[in-house]
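Listing of target36.txt; format and content: compact mmCIF, N, CA and C atoms.
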```
# COMPACT_ATOMS: atom_id res chain seq x y z
N MET A 1 5.74 21.38 12.84
CA MET A 1 5.15 20.11 13.21
C MET A 1 3.86 19.89 12.42
N GLN A 2 3.61 18.64 12.10
CA GLN A 2 2.43 18.31 11.35
C GLN A 2 1.69 17.18 12.06
N GLN A 3 0.37 17.27 12.13
CA GLN A 3 -0.44 16.22 12.73
C GLN A 3 -0.58 15.09 11.72
N MET A 4 -0.30 13.85 12.14
CA MET A 4 -0.43 12.70 11.26
C MET A 4 -1.26 11.63 11.94
N LYS A 5 -2.17 11.03 11.18
CA LYS A 5 -2.96 9.91 11.70
C LYS A 5 -2.28 8.63 11.27
N LEU A 6 -1.96 7.78 12.21
CA LEU A 6 -1.34 6.50 11.91
C LEU A 6 -2.31 5.39 12.28
N GLY A 7 -2.57 4.48 11.35
CA GLY A 7 -3.47 3.39 11.63
C GLY A 7 -4.91 3.82 11.81
N GLY A 8 -5.24 5.04 11.40
CA GLY A 8 -6.60 5.50 11.46
C GLY A 8 -7.07 5.96 12.83
N GLN A 9 -6.25 5.81 13.88
CA GLN A 9 -6.72 6.17 15.21
C GLN A 9 -5.78 7.11 15.96
N THR A 10 -4.50 6.85 15.96
CA THR A 10 -3.55 7.61 16.76
C THR A 10 -3.11 8.87 16.02
N GLN A 11 -3.14 10.00 16.71
CA GLN A 11 -2.62 11.23 16.13
C GLN A 11 -1.32 11.58 16.82
N LEU A 12 -0.29 11.83 16.02
CA LEU A 12 1.01 12.20 16.53
C LEU A 12 1.43 13.53 15.93
N SER A 13 2.19 14.29 16.70
CA SER A 13 2.82 15.49 16.15
C SER A 13 4.21 15.09 15.71
N ILE A 14 4.43 15.10 14.40
CA ILE A 14 5.70 14.64 13.84
C ILE A 14 6.34 15.77 13.06
N ASP A 15 7.61 16.00 13.31
CA ASP A 15 8.38 16.97 12.54
C ASP A 15 8.76 16.31 11.22
N VAL A 16 8.18 16.76 10.13
CA VAL A 16 8.41 16.16 8.82
C VAL A 16 9.89 16.18 8.44
N ASP A 17 10.64 17.15 8.94
CA ASP A 17 12.07 17.23 8.65
C ASP A 17 12.84 16.05 9.24
N LYS A 18 12.25 15.35 10.19
CA LYS A 18 12.93 14.22 10.83
C LYS A 18 12.51 12.88 10.22
N THR A 19 11.71 12.92 9.15
CA THR A 19 11.30 11.70 8.45
C THR A 19 12.18 11.47 7.23
N THR A 20 12.10 10.29 6.70
CA THR A 20 12.87 9.92 5.51
C THR A 20 11.92 9.74 4.33
N ALA A 21 12.25 10.31 3.21
CA ALA A 21 11.42 10.16 2.01
C ALA A 21 11.49 8.72 1.52
N TYR A 22 10.34 8.19 1.12
CA TYR A 22 10.28 6.85 0.52
C TYR A 22 10.28 7.05 -0.98
N LYS A 23 11.14 6.35 -1.69
CA LYS A 23 11.31 6.58 -3.13
C LYS A 23 11.03 5.33 -3.93
N CYS A 24 10.66 5.55 -5.18
CA CYS A 24 10.46 4.48 -6.14
C CYS A 24 11.80 3.77 -6.39
N ASP A 25 11.77 2.44 -6.42
CA ASP A 25 12.98 1.65 -6.67
C ASP A 25 13.53 1.88 -8.08
N GLU A 26 12.67 2.26 -9.02
CA GLU A 26 13.07 2.42 -10.41
C GLU A 26 13.50 3.84 -10.78
N CYS A 27 12.65 4.83 -10.48
CA CYS A 27 12.94 6.19 -10.94
C CYS A 27 13.23 7.17 -9.81
N GLU A 28 13.13 6.72 -8.57
CA GLU A 28 13.40 7.52 -7.38
C GLU A 28 12.41 8.66 -7.14
N SER A 29 11.24 8.60 -7.77
CA SER A 29 10.20 9.58 -7.49
C SER A 29 9.69 9.37 -6.07
N GLU A 30 9.23 10.43 -5.43
CA GLU A 30 8.67 10.34 -4.08
C GLU A 30 7.15 10.35 -4.10
N PHE A 31 6.55 10.25 -5.28
CA PHE A 31 5.10 10.35 -5.40
C PHE A 31 4.49 9.00 -5.79
N PHE A 32 3.47 8.59 -5.04
CA PHE A 32 2.83 7.30 -5.23
C PHE A 32 1.33 7.49 -5.32
N GLU A 33 0.67 6.52 -5.94
CA GLU A 33 -0.79 6.53 -6.01
C GLU A 33 -1.32 5.19 -5.53
N GLU A 34 -2.49 5.23 -4.91
CA GLU A 34 -3.10 4.02 -4.38
C GLU A 34 -3.74 3.23 -5.52
N ILE A 35 -3.52 1.93 -5.52
CA ILE A 35 -4.13 1.03 -6.49
C ILE A 35 -4.74 -0.15 -5.75
N ILE A 36 -5.59 -0.89 -6.44
CA ILE A 36 -6.25 -2.05 -5.85
C ILE A 36 -5.81 -3.31 -6.59
N CYS A 37 -5.41 -4.30 -5.82
CA CYS A 37 -5.07 -5.62 -6.35
C CYS A 37 -6.21 -6.55 -5.91
N ILE A 38 -6.72 -7.37 -6.81
CA ILE A 38 -7.81 -8.29 -6.48
C ILE A 38 -7.25 -9.70 -6.34
N ARG A 39 -7.55 -10.33 -5.22
CA ARG A 39 -7.13 -11.72 -4.97
C ARG A 39 -8.36 -12.61 -4.91
N LYS A 40 -8.24 -13.81 -5.46
CA LYS A 40 -9.33 -14.77 -5.44
C LYS A 40 -9.05 -15.79 -4.35
N ILE A 41 -10.06 -16.03 -3.49
CA ILE A 41 -9.94 -17.01 -2.42
C ILE A 41 -10.86 -18.19 -2.77
N SER A 42 -10.28 -19.36 -2.87
CA SER A 42 -11.04 -20.56 -3.20
C SER A 42 -12.05 -20.87 -2.11
N ARG A 43 -13.22 -21.32 -2.51
CA ARG A 43 -14.24 -21.73 -1.54
C ARG A 43 -13.74 -22.89 -0.68
N LEU A 44 -12.83 -23.70 -1.24
CA LEU A 44 -12.25 -24.81 -0.48
C LEU A 44 -11.36 -24.30 0.65
N LEU A 45 -10.70 -23.20 0.42
CA LEU A 45 -9.82 -22.61 1.42
C LEU A 45 -10.60 -21.86 2.49
N SER A 46 -11.66 -21.15 2.06
CA SER A 46 -12.41 -20.31 3.00
C SER A 46 -13.57 -21.03 3.68
N GLY A 47 -14.02 -22.12 3.10
CA GLY A 47 -15.17 -22.83 3.65
C GLY A 47 -16.49 -22.19 3.24
N ALA A 48 -16.45 -21.18 2.40
CA ALA A 48 -17.67 -20.52 1.92
C ALA A 48 -18.28 -21.33 0.78
N GLY A 49 -19.50 -20.99 0.41
CA GLY A 49 -20.18 -21.69 -0.66
C GLY A 49 -19.61 -21.40 -2.04
N ASP A 50 -19.04 -20.22 -2.22
CA ASP A 50 -18.48 -19.80 -3.51
C ASP A 50 -17.09 -19.22 -3.33
N ASP A 51 -16.34 -19.16 -4.44
CA ASP A 51 -15.06 -18.46 -4.42
C ASP A 51 -15.33 -16.98 -4.11
N SER A 52 -14.38 -16.31 -3.50
CA SER A 52 -14.54 -14.90 -3.15
C SER A 52 -13.44 -14.07 -3.80
N LEU A 53 -13.77 -12.82 -4.11
CA LEU A 53 -12.79 -11.86 -4.59
C LEU A 53 -12.56 -10.85 -3.48
N VAL A 54 -11.29 -10.61 -3.16
CA VAL A 54 -10.93 -9.72 -2.07
C VAL A 54 -10.06 -8.58 -2.60
N PRO A 55 -10.51 -7.32 -2.46
CA PRO A 55 -9.67 -6.20 -2.89
C PRO A 55 -8.60 -5.91 -1.84
N MET A 56 -7.38 -5.63 -2.30
CA MET A 56 -6.27 -5.31 -1.41
C MET A 56 -5.60 -4.04 -1.92
N LYS A 57 -5.49 -3.04 -1.03
CA LYS A 57 -4.85 -1.78 -1.41
C LYS A 57 -3.33 -1.94 -1.45
N THR A 58 -2.73 -1.27 -2.41
CA THR A 58 -1.27 -1.17 -2.47
C THR A 58 -0.95 0.14 -3.18
N TYR A 59 0.32 0.38 -3.45
CA TYR A 59 0.74 1.64 -4.06
C TYR A 59 1.68 1.40 -5.22
N ARG A 60 1.64 2.32 -6.20
CA ARG A 60 2.59 2.30 -7.31
C ARG A 60 3.10 3.72 -7.54
N CYS A 61 4.25 3.80 -8.16
CA CYS A 61 4.85 5.09 -8.46
C CYS A 61 3.94 5.88 -9.40
N ALA A 62 3.73 7.14 -9.07
CA ALA A 62 2.88 7.99 -9.90
C ALA A 62 3.56 8.37 -11.21
N GLU A 63 4.89 8.28 -11.24
CA GLU A 63 5.64 8.67 -12.45
C GLU A 63 5.80 7.50 -13.43
N CYS A 64 6.39 6.39 -12.96
CA CYS A 64 6.73 5.29 -13.88
C CYS A 64 5.84 4.05 -13.71
N LYS A 65 4.93 4.07 -12.73
CA LYS A 65 3.95 3.00 -12.47
C LYS A 65 4.58 1.75 -11.86
N ASN A 66 5.84 1.81 -11.43
CA ASN A 66 6.49 0.68 -10.77
C ASN A 66 5.84 0.42 -9.40
N VAL A 67 5.71 -0.86 -9.05
CA VAL A 67 5.27 -1.24 -7.71
C VAL A 67 6.52 -1.71 -6.96
N ASN A 68 6.94 -0.94 -5.94
CA ASN A 68 8.13 -1.32 -5.17
C ASN A 68 7.95 -2.67 -4.52
N LYS A 69 9.07 -3.33 -4.27
CA LYS A 69 9.06 -4.65 -3.65
C LYS A 69 8.28 -4.65 -2.33
N ASP A 70 8.39 -3.59 -1.55
CA ASP A 70 7.68 -3.49 -0.27
C ASP A 70 6.16 -3.49 -0.43
N PHE A 71 5.67 -3.10 -1.62
CA PHE A 71 4.24 -2.97 -1.84
C PHE A 71 3.63 -4.16 -2.57
N LYS A 72 4.45 -5.08 -3.06
CA LYS A 72 3.92 -6.20 -3.84
C LYS A 72 3.12 -7.14 -2.95
N VAL A 73 1.97 -7.58 -3.44
CA VAL A 73 1.12 -8.49 -2.69
C VAL A 73 1.73 -9.88 -2.68
N ASP A 74 2.30 -10.34 -3.79
CA ASP A 74 2.97 -11.64 -3.87
C ASP A 74 4.41 -11.46 -3.45
N LYS A 75 4.77 -11.96 -2.27
CA LYS A 75 6.15 -11.81 -1.80
C LYS A 75 6.85 -13.13 -1.76
```

Would you mind writing the file out in C-alpha cells?
Amino acid sequence: MQQMKLGGQTQLSIDVDKTTAYKCDECESEFFEEIICIRKISRLLSGAGDDSLVPMKTYRCAECKNVNKDFKVDK
C-alpha cells in the first residue's frame, strides 16, 4: 500500500497494483513532466484595468513531448 495525496488534502491508502497506468497517446510511455501553458485574459472579459496572463499547469510526455488530448488546455 502507498499513501497518496489527492487534491492536496485527502490522504488515501491505495494499492498501486489496483491502479491503471496512464500512457502517452503517441508513444505509450508512462512518464510525464509538468509544463506551464500561459493564457491571456482580456481586460474586457475580466473587468480589470489591463489584460492578464494566467499560468495553467498541464503535462506532456517525457519521451516524445506529446500533450495527450486529456491534458490540452484548448478542448

Helix (DSSP H, G or I) per DSSP on the backbone: members of stretch 2-74 of chain A, as a VMD selection string: chain A and resid 16 to 18 43 to 46 69 to 71

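When atom CA of A:Lys40 is paired with atom CA of A:Glu63, their separation reads 28.7 Å.
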
Among listed residues A:Val73, A:Ile36, A:Cys24, A:Ala48, nearest A:Cys61 (using all atoms listed in the file): A:Cys24

DSSP on the backbone: which residues in chain A end up as strand (DSSP E or B)? Give the answer as a JSON list (two decimals) with N, CA and C atoms, in the frame of the given file.
```
[["chain", "number", "residue", "atom", "x", "y", "z"],
["A", 2, "GLN", "N", 3.61, 18.64, 12.10],
["A", 2, "GLN", "CA", 2.43, 18.31, 11.35],
["A", 2, "GLN", "C", 1.69, 17.18, 12.06],
["A", 3, "GLN", "N", 0.37, 17.27, 12.13],
["A", 3, "GLN", "CA", -0.44, 16.22, 12.73],
["A", 3, "GLN", "C", -0.58, 15.09, 11.72],
["A", 4, "MET", "N", -0.30, 13.85, 12.14],
["A", 4, "MET", "CA", -0.43, 12.70, 11.26],
["A", 4, "MET", "C", -1.26, 11.63, 11.94],
["A", 5, "LYS", "N", -2.17, 11.03, 11.18],
["A", 5, "LYS", "CA", -2.96, 9.91, 11.70],
["A", 5, "LYS", "C", -2.28, 8.63, 11.27],
["A", 6, "LEU", "N", -1.96, 7.78, 12.21],
["A", 6, "LEU", "CA", -1.34, 6.50, 11.91],
["A", 6, "LEU", "C", -2.31, 5.39, 12.28],
["A", 10, "THR", "N", -4.50, 6.85, 15.96],
["A", 10, "THR", "CA", -3.55, 7.61, 16.76],
["A", 10, "THR", "C", -3.11, 8.87, 16.02],
["A", 11, "GLN", "N", -3.14, 10.00, 16.71],
["A", 11, "GLN", "CA", -2.62, 11.23, 16.13],
["A", 11, "GLN", "C", -1.32, 11.58, 16.82],
["A", 12, "LEU", "N", -0.29, 11.83, 16.02],
["A", 12, "LEU", "CA", 1.01, 12.20, 16.53],
["A", 12, "LEU", "C", 1.43, 13.53, 15.93],
["A", 13, "SER", "N", 2.19, 14.29, 16.70],
["A", 13, "SER", "CA", 2.82, 15.49, 16.15],
["A", 13, "SER", "C", 4.21, 15.09, 15.71],
["A", 14, "ILE", "N", 4.43, 15.10, 14.40],
["A", 14, "ILE", "CA", 5.70, 14.64, 13.84],
["A", 14, "ILE", "C", 6.34, 15.77, 13.06],
["A", 32, "PHE", "N", 3.47, 8.59, -5.04],
["A", 32, "PHE", "CA", 2.83, 7.30, -5.23],
["A", 32, "PHE", "C", 1.33, 7.49, -5.32],
["A", 33, "GLU", "N", 0.67, 6.52, -5.94],
["A", 33, "GLU", "CA", -0.79, 6.53, -6.01],
["A", 33, "GLU", "C", -1.32, 5.19, -5.53],
["A", 34, "GLU", "N", -2.49, 5.23, -4.91],
["A", 34, "GLU", "CA", -3.10, 4.02, -4.38],
["A", 34, "GLU", "C", -3.74, 3.23, -5.52],
["A", 35, "ILE", "N", -3.52, 1.93, -5.52],
["A", 35, "ILE", "CA", -4.13, 1.03, -6.49],
["A", 35, "ILE", "C", -4.74, -0.15, -5.75],
["A", 36, "ILE", "N", -5.59, -0.89, -6.44],
["A", 36, "ILE", "CA", -6.25, -2.05, -5.85],
["A", 36, "ILE", "C", -5.81, -3.31, -6.59],
["A", 37, "CYS", "N", -5.41, -4.30, -5.82],
["A", 37, "CYS", "CA", -5.07, -5.62, -6.35],
["A", 37, "CYS", "C", -6.21, -6.55, -5.91],
["A", 38, "ILE", "N", -6.72, -7.37, -6.81],
["A", 38, "ILE", "CA", -7.81, -8.29, -6.48],
["A", 38, "ILE", "C", -7.25, -9.70, -6.34],
["A", 39, "ARG", "N", -7.55, -10.33, -5.22],
["A", 39, "ARG", "CA", -7.13, -11.72, -4.97],
["A", 39, "ARG", "C", -8.36, -12.61, -4.91],
["A", 40, "LYS", "N", -8.24, -13.81, -5.46],
["A", 40, "LYS", "CA", -9.33, -14.77, -5.44],
["A", 40, "LYS", "C", -9.05, -15.79, -4.35],
["A", 41, "ILE", "N", -10.06, -16.03, -3.49],
["A", 41, "ILE", "CA", -9.94, -17.01, -2.42],
["A", 41, "ILE", "C", -10.86, -18.19, -2.77],
["A", 52, "SER", "N", -14.38, -16.31, -3.50],
["A", 52, "SER", "CA", -14.54, -14.90, -3.15],
["A", 52, "SER", "C", -13.44, -14.07, -3.80],
["A", 53, "LEU", "N", -13.77, -12.82, -4.11],
["A", 53, "LEU", "CA", -12.79, -11.86, -4.59],
["A", 53, "LEU", "C", -12.56, -10.85, -3.48],
["A", 54, "VAL", "N", -11.29, -10.61, -3.16],
["A", 54, "VAL", "CA", -10.93, -9.72, -2.07],
["A", 54, "VAL", "C", -10.06, -8.58, -2.60],
["A", 55, "PRO", "N", -10.51, -7.32, -2.46],
["A", 55, "PRO", "CA", -9.67, -6.20, -2.89],
["A", 55, "PRO", "C", -8.60, -5.91, -1.84],
["A", 56, "MET", "N", -7.38, -5.63, -2.30],
["A", 56, "MET", "CA", -6.27, -5.31, -1.41],
["A", 56, "MET", "C", -5.60, -4.04, -1.92],
["A", 57, "LYS", "N", -5.49, -3.04, -1.03],
["A", 57, "LYS", "CA", -4.85, -1.78, -1.41],
["A", 57, "LYS", "C", -3.33, -1.94, -1.45],
["A", 58, "THR", "N", -2.73, -1.27, -2.41],
["A", 58, "THR", "CA", -1.27, -1.17, -2.47],
["A", 58, "THR", "C", -0.95, 0.14, -3.18],
["A", 59, "TYR", "N", 0.32, 0.38, -3.45],
["A", 59, "TYR", "CA", 0.74, 1.64, -4.06],
["A", 59, "TYR", "C", 1.68, 1.40, -5.22],
["A", 60, "ARG", "N", 1.64, 2.32, -6.20],
["A", 60, "ARG", "CA", 2.59, 2.30, -7.31],
["A", 60, "ARG", "C", 3.10, 3.72, -7.54],
["A", 61, "CYS", "N", 4.25, 3.80, -8.16],
["A", 61, "CYS", "CA", 4.85, 5.09, -8.46],
["A", 61, "CYS", "C", 3.94, 5.88, -9.40]]
```

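Straight-line separation from atom CA of A:Asp15 to atom N of A:Lys72: 27.3 Å.
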
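A straight-line distance of 26.8 Å separates atom CA of A:Arg60 from atom N of A:Ser13.
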
Nearest candidate to A:Tyr22 (options A:Asn68, A:Val54, A:Arg43, A:Cys37; using only C-alpha atoms):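 For A:Tyr22, the nearest of the given residues is A:Asn68.
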
Shell around A:Ile38 at 7 Å using all atoms listed in the file, local window under 5 positions removed, as a count of residues only: 4

Nearest to A:Ile35 by atom-to-atom distance, counting only N, CA and C atoms, from A:Gln11, A:Asn66, A:Thr58, A:Thr19: A:Thr58
